[in-house]
Amino acid sequence: MENYKNSDNTMSHLLNKVPEVTIWFWIIKILCTTVGETAADYLSTKLNLGLTGTTLVMSVVLAGALAWQFKSKQHTPGIYWLAVVLISVVGTLITDNLTDNFNVNLITSSVLFAAGLAIVFAAWQSIEHTLSIHSIRTVRREAFYWLAILFTFALGTAAGDLVAEKINIGYWKSALLFSGLIALVTVAHKMFHANAIASFWAGYILTRPLGASIGDYMSQAKADGGLGIGTTGTSVVFLGVIGLVVIYMARRETTQVSTS
């Protein structure tokens with residue numbers, strides 16, 4: 001996938017508003033998508049907010065986190081990944097609202113979100129002449145980036161639910177399926193030199209249903225094909241791991257800056 005190993009200098013990296021794309025990036029991305037799935041289920045059911053109420057509340061919280069992210073002058077791991085977790089939750093809730101409240105079937109919602117993402121990419125490419133995340137240094141580029149991220153989460157939720165539940169493959173088999181697809185993208189990029197930008201976004205989209213399948217498998221009742229850990233336990237475990245990884249990444253970036 002896309003990486004920053006050949007970045008010109010440390011200052012160029014610091015000005016970029018998104019993290020370095022390393023194995024740690026993909027690990028925490030999958031963790032965030034898992035939390036997005038389980039936290040959305042927890043908030044809408046356990047706290048009796050309902051889908052609509054939860055979506056409104058979490059959208060406001062997300063707006064606050066994104067305002068904080070936009071205001072930041074450089075990449076800050078804690079702020080960035082907080083926004084990713086929240087946008088994962090909101091993306092999940094948007095899809096769930098369409099499915100449960102408006103009876104939009106998952107095939108239709110998958111097509112709609114794929115079309116929306118394609119439009120965002122087309123506009124981004126037309127205006128900025130690149131979809132690379134190497135230089136997210138302006139408000140406009142960052143706006144395109146986060147809009148694309150929102151669509152990838154909504155699309156990934158719809159596609160993941162379609163495969164795991166409607167096609168009835170099951171959660172753990174779905175996780176294996178999406179892991180295999182991600183492996184194919186990685187091989188295509190590493191061995192056959194597939195376009196780095198296309199490979200990155202393909203991987204980003206596919207990690208959403210992978211994380212959702214893992215979250216559902218861990219949280220759903222055993223009678224429904226899960227491990228029965230519950231949304232609370234699963235969310236707490238993954239949030240804790242996310243916190244530890246973010247702390248590690250922040251210290252790693254601080255060390256890189258101090259030694260450059």
# chains A, B, ... in the order shown; residues from 1 in each chain; ligands from 1
$ residues_around --residues "region 83-91 of chain A" --least-positions-apart "2" --cutoff "8 Å" --atoms "only C-alpha atoms" --output "list in words"
Lys29, Cys32, Thr33, Val35, Gly36, Glu37, Ala39, Ala40, Thr55, Met58, Ser59, Val61, Leu62, Ala65, Leu66, Gln69, Ile79, Tyr80, Trp81, Leu93, Ile94, Thr95, Ile149, Leu150, Phe151, Phe153, Ala154 and Thr157 of chain A
$ write_last_selection --atoms "C-alpha atoms" --output "mmCIF file, in the first residue's frame"
data_model
loop_
_atom_site.group_PDB
_atom_site.id
_atom_site.type_symbol
_atom_site.label_atom_id
_atom_site.label_comp_id
_atom_site.auth_asym_id
_atom_site.auth_seq_id
_atom_site.Cartn_x
_atom_site.Cartn_y
_atom_site.Cartn_z
ATOM 1 C CA LYS A 29 -7.592 1.282 11.072
ATOM 2 C CA CYS A 32 -11.263 1.534 14.625
ATOM 3 C CA THR A 33 -13.648 -0.080 12.168
ATOM 4 C CA VAL A 35 -15.195 -0.300 17.341
ATOM 5 C CA GLY A 36 -17.328 1.607 14.850
ATOM 6 C CA GLU A 37 -19.513 -1.433 14.342
ATOM 7 C CA ALA A 39 -20.117 1.041 19.430
ATOM 8 C CA ALA A 40 -22.866 1.966 16.969
ATOM 9 C CA THR A 55 -27.024 9.216 14.519
ATOM 10 C CA MET A 58 -22.809 11.077 17.116
ATOM 11 C CA SER A 59 -22.874 13.345 14.051
ATOM 12 C CA VAL A 61 -19.719 14.738 18.248
ATOM 13 C CA LEU A 62 -18.024 13.877 14.941
ATOM 14 C CA ALA A 65 -13.796 16.139 16.396
ATOM 15 C CA LEU A 66 -13.369 17.119 12.744
ATOM 16 C CA GLN A 69 -8.714 18.007 13.389
ATOM 17 C CA ILE A 79 -7.044 13.838 17.315
ATOM 18 C CA TYR A 80 -6.801 12.041 13.984
ATOM 19 C CA TRP A 81 -7.738 8.593 15.270
ATOM 20 C CA LEU A 93 -25.275 4.415 11.639
ATOM 21 C CA ILE A 94 -26.023 6.012 8.267
ATOM 22 C CA THR A 95 -26.150 2.590 6.614
ATOM 23 C CA ILE A 149 -13.412 8.363 4.399
ATOM 24 C CA LEU A 150 -17.082 8.749 5.403
ATOM 25 C CA PHE A 151 -18.237 7.118 2.171
ATOM 26 C CA PHE A 153 -17.142 3.477 6.018
ATOM 27 C CA ALA A 154 -20.767 3.637 4.893
ATOM 28 C CA THR A 157 -20.784 -1.349 6.355
#
$ residues_around --residues "Glu142 (chain A)" --least-positions-apart "5" --cutoff "9 Å" --atoms "only C-alpha atoms" --output "PyMOL selection string"
chain A and resi 17-18+70+136-137+147
$ write_last_selection --atoms "N, CA and C atoms" --output "mmCIF file, in the first residue's frame"
data_model
loop_
_atom_site.group_PDB
_atom_site.id
_atom_site.type_symbol
_atom_site.label_atom_id
_atom_site.label_comp_id
_atom_site.auth_asym_id
_atom_site.auth_seq_id
_atom_site.Cartn_x
_atom_site.Cartn_y
_atom_site.Cartn_z
ATOM 1 N N LYS A 17 -1.497 16.210 7.121
ATOM 2 C CA LYS A 17 -2.486 16.091 8.191
ATOM 3 C C LYS A 17 -2.932 14.653 8.456
ATOM 4 N N VAL A 18 -2.368 13.694 7.739
ATOM 5 C CA VAL A 18 -2.733 12.293 7.956
ATOM 6 C C VAL A 18 -1.470 11.506 8.292
ATOM 7 N N PHE A 70 -9.323 19.770 11.819
ATOM 8 C CA PHE A 70 -9.044 20.808 10.825
ATOM 9 C C PHE A 70 -8.242 21.968 11.431
ATOM 10 N N ILE A 136 -1.880 16.107 2.220
ATOM 11 C CA ILE A 136 -3.129 16.657 2.754
ATOM 12 C C ILE A 136 -2.750 17.837 3.650
ATOM 13 N N ARG A 137 -2.517 18.985 3.018
ATOM 14 C CA ARG A 137 -2.001 20.151 3.748
ATOM 15 C C ARG A 137 -2.896 21.373 3.623
ATOM 16 N N LEU A 147 -14.413 13.387 3.529
ATOM 17 C CA LEU A 147 -15.650 13.004 2.862
ATOM 18 C C LEU A 147 -15.509 11.621 2.231
#
$ atom_distance --atom1 "CA of Thr138 (chain A)" --atom2 "CA of Lys73 (chain A)"
9.9 Å
$ select_by_dssp --residues "region 1-235 of chain A" --states "alpha helix (DSSP H)" --output "count of residues only"
171
$ residues_around --residues "Ile30 (chain A)" --least-positions-apart "3" --cutoff "7 Å" --atoms "only C-alpha atoms" --output "list in words"
Trp26, Ile27, Thr33, Thr34, Thr207, Arg208 and Gly211 of chain A
$ write_last_selection --atoms "C-alpha atoms" --output "short mmCIF file (atom, residue, chain, number, x, y, z; two decimals), in the first residue's frame"
data_model
loop_
_atom_site.label_atom_id
_atom_site.label_comp_id
_atom_site.auth_asym_id
_atom_site.auth_seq_id
_atom_site.Cartn_x
_atom_site.Cartn_y
_atom_site.Cartn_z
CA TRP A 26 -3.59 -0.63 8.96
CA ILE A 27 -3.74 -2.32 12.36
CA THR A 33 -13.65 -0.08 12.17
CA THR A 34 -14.36 -2.87 14.65
CA THR A 207 -10.69 -3.03 5.88
CA ARG A 208 -14.10 -1.60 6.84
CA GLY A 211 -13.33 -4.89 10.93
#
$ closest_residue --among "A:Val57, A:Met249, A:Leu51, A:Ala148" --to "Ala115 (chain A)" --atoms "only C-alpha atoms"
A:Ala148
$ residues_around --residues "Ser132 (chain A)" --least-positions-apart "2" --cutoff "12 Å" --atoms "only C-alpha atoms" --output "number ranges by chain"
A: 1-4, 16, 18, 21, 121, 124-125, 128-130, 134-137, 141-142, 144-145, 195-201
$ residues_around --residues "region 172-181 of chain A" --least-positions-apart "5" --cutoff "8 Å" --atoms "only C-alpha atoms" --output "PyMOL selection string"
chain A and resi 160+163-164+206-207+209-211+213-214+217
$ write_last_selection --atoms "N, CA and C atoms" --output "CSV table (one decimal), in the first residue's frame"
chain,number,residue,atom,x,y,z
A,160,GLY,N,-20.3,-5.2,3.9
A,160,GLY,CA,-20.1,-6.3,4.9
A,160,GLY,C,-21.3,-6.9,5.4
A,163,VAL,N,-22.8,-9.3,2.7
A,163,VAL,CA,-22.1,-10.5,2.5
A,163,VAL,C,-22.3,-11.4,3.8
A,164,ALA,N,-22.2,-10.9,5.0
A,164,ALA,CA,-22.3,-11.7,6.2
A,164,ALA,C,-23.7,-12.1,6.5
A,206,LEU,N,-11.8,-2.1,1.9
A,206,LEU,CA,-12.0,-3.5,2.3
A,206,LEU,C,-11.7,-3.7,3.8
A,207,THR,N,-10.9,-2.8,4.4
A,207,THR,CA,-10.7,-3.0,5.9
A,207,THR,C,-11.9,-2.7,6.7
A,209,PRO,N,-15.3,-3.6,6.0
A,209,PRO,CA,-16.1,-4.8,6.3
A,209,PRO,C,-15.3,-5.9,7.0
A,210,LEU,N,-14.0,-5.9,6.9
A,210,LEU,CA,-13.2,-6.8,7.7
A,210,LEU,C,-13.4,-6.5,9.1
A,211,GLY,N,-13.2,-5.3,9.5
A,211,GLY,CA,-13.3,-4.9,10.9
A,211,GLY,C,-14.7,-5.1,11.4
A,213,SER,N,-16.9,-7.3,10.4
A,213,SER,CA,-17.1,-8.8,10.5
A,213,SER,C,-16.5,-9.3,11.8
A,214,ILE,N,-15.3,-8.8,12.1
A,214,ILE,CA,-14.6,-9.2,13.3
A,214,ILE,C,-15.4,-8.7,14.5
A,217,TYR,N,-18.6,-10.8,14.8
A,217,TYR,CA,-18.3,-12.2,15.3
A,217,TYR,C,-18.0,-12.2,16.8
$ closest_residue --among "A:Val111, A:Val245, A:Val60, A:Thr152" --to "Ile23 (chain A)" --atoms "only C-alpha atoms"
A:Val245
